[in-house]
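Asker: Structure below; questions to follow.
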Protein chains: 2
Amino acid sequence: MERLLQSVKIGINEKIYLKDPESSDLGKRIVEQSILMIDEIGFESFTFKKLGLKIGSNESSIYRYFENKHKLLLYLASWYWGWLEYQLVFSTNSITDPFKKLEKAIEIVTKSTVEDSAFSHINEVLLNKIVINEYSKSYLTKEVDTENKEGYFVIYKRLVSRISEMVNAVNKDYAYPSSLASTILEGSLHQHFLKDHFSSLTDCHKNDDPTKYFLHLVTTLLK
Amino acid sequence: MERLLQSVKIGINEKIYLKDPESSDLGKRIVEQSILMIDEIGFESFTFKKLGLKIGSNESSIYRYFENKHKLLLYLASWYWGWLEYQLVFSTNSITDPFKKLEKAIEIVTKSTVEDSAFSHINEVLLNKIVINEYSKSYLTKEVDTENKEGYFVIYKRLVSRISEMVNAVNKDYAYPSSLASTILEGSLHQHFLKDHFSSLTDCHKNDDPTKYFLHLVTTLLK
DNA sequence: TATAATATAATAGTAATACTATTATATTTG
DNA sequence: CAAATATAATAGTATTACTATTATATTATA
């Protein structure tokens, strides 16, 4: 797993960046440190000026990689979903029983992220927190439709569609596979958020992932 | 019905505003026109300066009602959830069968909003669109915990808890009533959004509400 | 009816944001 | 070593998100 991942690069739509941040040291520092900074101060307060200061570089140099901070968020999110998709495909590939396959997929997608040493400059645990707290902001905009056409959300959509297909494989008569798949992905982020900030609105507590909740839900629905 | 029927006015936490917008003509215009404007240009592009221009008033006058546009969004959202809660309590009050009660609640909460002439200066249809597109932004902030303590989300939380209690009344052995209730409310907004912008990720199409999807889900889960 | 109180409008000003443009200086590559 | 390219430094702009002050309406009360 480790060795395989080391040779894998998460393929991200080239239109998201001006210059591939994986192609230089500065680019990697931008990605690495932006994750730490967005987690620390939140996406609203995060600016390229502050990031430049933090990485000992200049605002204008960061602009040569990303048009604006919104594009950077799209990049980080795409990376995260690509990374999750990889985990999902890798872990479910060898499972032949459709239900067990779906079970595994739900587990992968709903559990809290644990560190992955394969991508040294990316902290997946913090990135997962960022996705929980900020991902909605990347698509709840007036530009969604344009950006969707540009392909900025392909990886996320592919992930949902993979889960949807797994749902279908378990029960081809179930009428809402796509809605269920999107509910699992989005709902999982939401339950994680509730756990941390609105504990009365969820039954997932402390170190408890929403995994059990969704496993039970899907099992009952499809069996 | 209880305290709800006592006044037709939606009771909103007084800390959300500096001066009650219901108390003056200017205040009502601020609320009325901000709904039109946020729907039109989106919350990011919306500013008090633009709103002042639109309502023939001054930026500084708007600041005497709301500290900032975030508080205005909290106000609009609270109003919407209060209004929905009213519909929910009113429509389910007379239903004695727990399952039918829950069914009705899901219907109220997941269907597209239709106009309500009772509140002349508030366009509930547009407000519903705003909630779908912008509500997450009101809590996905670094200030959630503080603002939650201040009670800025009480109405929303009460709504979730009402649905959660209805779930419990149908099946007291179901282990995740709160998670299910929050999934219904948040998930419904999400499915509406997907329907409009990512149709491949949902099975709710065109004028189709996510009502059927959630009714089927809840029925299967609890029966 | 005059006066006081309050609400609103107009104006000005500030620090920060979200950039763009230009030039200088490194660093890499051919 | 020269040329190409990447990065850094500096400066500048329009807009945002406010605050403060003053002027002018409108309303309430004595």
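The way I read the labels, and the way they are meant: chains A, B, ... in the order of the structure tokens, residue 1 as the first residue of every chain, and ligand 1 as the first ligand shown, with later ones counted on from there.
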Should the cut-off be 9 Å, what would the residue list for chain C against chain B look like, counting only C-alpha atoms (C1' of nucleotides), as a PyMOL selection string?

Answerer: chain C and resi 7-10

Asker: Residues as selected, C-alpha atoms (C1' of nucleotides), written as a tab-separated table (two decimals), in the first residue's frame, can you do that?

Answerer:
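To be explicit, this is the file written out as again-v7.tsv:
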```tsv
chain	number	residue	atom	x	y	z
C	7	DA	C1'	-34.15	58.01	13.30
C	8	DT	C1'	-32.11	58.51	9.12
C	9	DA	C1'	-28.92	60.42	5.64
C	10	DA	C1'	-24.64	62.33	4.06
```

Asker: Once chain A sits on chain B after a least-squares Cα superposition, all atoms in order, what's the RMSD?

Answerer: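 In short, the RMSD is 2.1 Å.
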
Asker: Please extract the residues of segment 131-194 of chain B with a backbone DSSP assignment of helix (DSSP H, G or I) and present them as a ChimeraX atom specification.

Answerer: /B:131-139,144-149,154-170,177-194

Asker: Write a file of the selected residues as a CSV table (one decimal), in the first residue's frame, keeping C-alpha atoms.

Answerer:
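After the write, selection-v4.csv holds the following:
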```csv
chain,number,residue,atom,x,y,z
B,131,VAL,CA,-31.3,28.9,2.8
B,132,ILE,CA,-30.4,26.2,0.3
B,133,ASN,CA,-27.5,28.1,-1.1
B,134,GLU,CA,-26.2,30.0,1.9
B,135,TYR,CA,-27.3,28.5,5.2
B,136,SER,CA,-24.2,26.3,5.7
B,137,LYS,CA,-22.1,29.5,5.5
B,138,SER,CA,-23.8,30.8,8.6
B,139,TYR,CA,-22.4,28.0,10.8
B,144,VAL,CA,-19.8,28.7,15.6
B,145,ASP,CA,-19.2,27.7,19.2
B,146,THR,CA,-19.5,31.2,20.5
B,147,GLU,CA,-22.5,32.1,18.4
B,148,ASN,CA,-24.1,28.8,19.3
B,149,LYS,CA,-23.7,29.7,23.0
B,154,VAL,CA,-31.8,27.8,18.7
B,155,ILE,CA,-34.7,27.7,16.3
B,156,TYR,CA,-32.9,25.3,13.9
B,157,LYS,CA,-31.9,23.1,16.8
B,158,ARG,CA,-35.4,23.0,18.1
B,159,LEU,CA,-36.7,22.0,14.7
B,160,VAL,CA,-34.2,19.1,14.5
B,161,SER,CA,-35.1,18.1,18.0
B,162,ARG,CA,-38.9,18.1,17.2
B,163,ILE,CA,-38.3,15.8,14.3
B,164,SER,CA,-36.0,13.6,16.4
B,165,GLU,CA,-38.8,13.2,19.0
B,166,MET,CA,-41.2,12.3,16.3
B,167,VAL,CA,-38.8,9.6,15.1
B,168,ASN,CA,-38.6,8.4,18.6
B,169,ALA,CA,-42.3,8.2,18.9
B,170,VAL,CA,-42.5,6.0,15.9
B,177,PRO,CA,-33.0,9.6,16.0
B,178,SER,CA,-31.0,12.9,16.2
B,179,SER,CA,-28.7,11.9,13.3
B,180,LEU,CA,-31.6,10.9,11.2
B,181,ALA,CA,-33.5,14.2,12.0
B,182,SER,CA,-30.4,16.3,11.1
B,183,THR,CA,-29.9,14.2,8.0
B,184,ILE,CA,-33.4,14.9,6.8
B,185,LEU,CA,-33.2,18.6,7.3
B,186,GLU,CA,-29.7,19.2,6.0
B,187,GLY,CA,-29.9,16.4,3.4
B,188,SER,CA,-33.1,17.9,2.0
B,189,LEU,CA,-31.3,21.3,1.4
B,190,HIS,CA,-28.5,19.3,-0.2
B,191,GLN,CA,-30.7,17.3,-2.5
B,192,HIS,CA,-32.5,20.5,-3.6
B,193,PHE,CA,-29.1,22.0,-4.4
B,194,LEU,CA,-28.0,18.9,-6.3
```

Asker: Within 9 Å of chain D, which residues of chain B show up? Give each one with its shortest atom-to-atom distance in Å (one decimal) and the two atoms involved, counting only C-alpha atoms (C1' of nucleotides), rows by chain then rising residue number, as a tab-separated table.

Answerer:
```
residue	atom	partner	partner_atom	distance
B:Thr47	CA	D:DT16	C1'	8.0
B:Phe48	CA	D:DA17	C1'	8.9
B:Asn68	CA	D:DA17	C1'	8.2
```

Asker: Rank B:Lys49, B:Lys9, B:Lys129, B:Lys111 by their smallest atom-to-atom distance to Pro210 of chain B, using only C-alpha atoms, and report the top residue only.

Answerer: B:Lys111

Asker: Just to confirm, what's the straight-line distance from atom CA of Tyr65 of chain B to atom CA of Ile30 of chain B in Å (one decimal)?

Answerer: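 For atom CA of Tyr65 of chain B relative to atom CA of Ile30 of chain B, the distance reads 8.7 Å.
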
Asker: Rank B:Phe198, B:Phe99, B:Tyr152, B:Phe46 by their smallest atom-to-atom distance to chain A, using only C-alpha atoms, and report the top residue only.

Answerer: B:Phe198

Asker: Go through B:Ile38, B:Leu73, B:Ala105, B:Val125 and flag the residue nearest chain A, using only C-alpha atoms for the distances.

Answerer: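 Among B:Ile38, B:Leu73, B:Ala105, B:Val125, it is B:Ile38 that comes nearest to chain A.
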
Asker: With distances taken over only C-alpha atoms, which of B:Asp203, B:Asp196, B:Asp97, B:Asp39 is nearest to Asn128 of chain B?

Answerer: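 Once distances to Asn128 of chain B are computed over only C-alpha atoms, the minimum belongs to B:Asp39.
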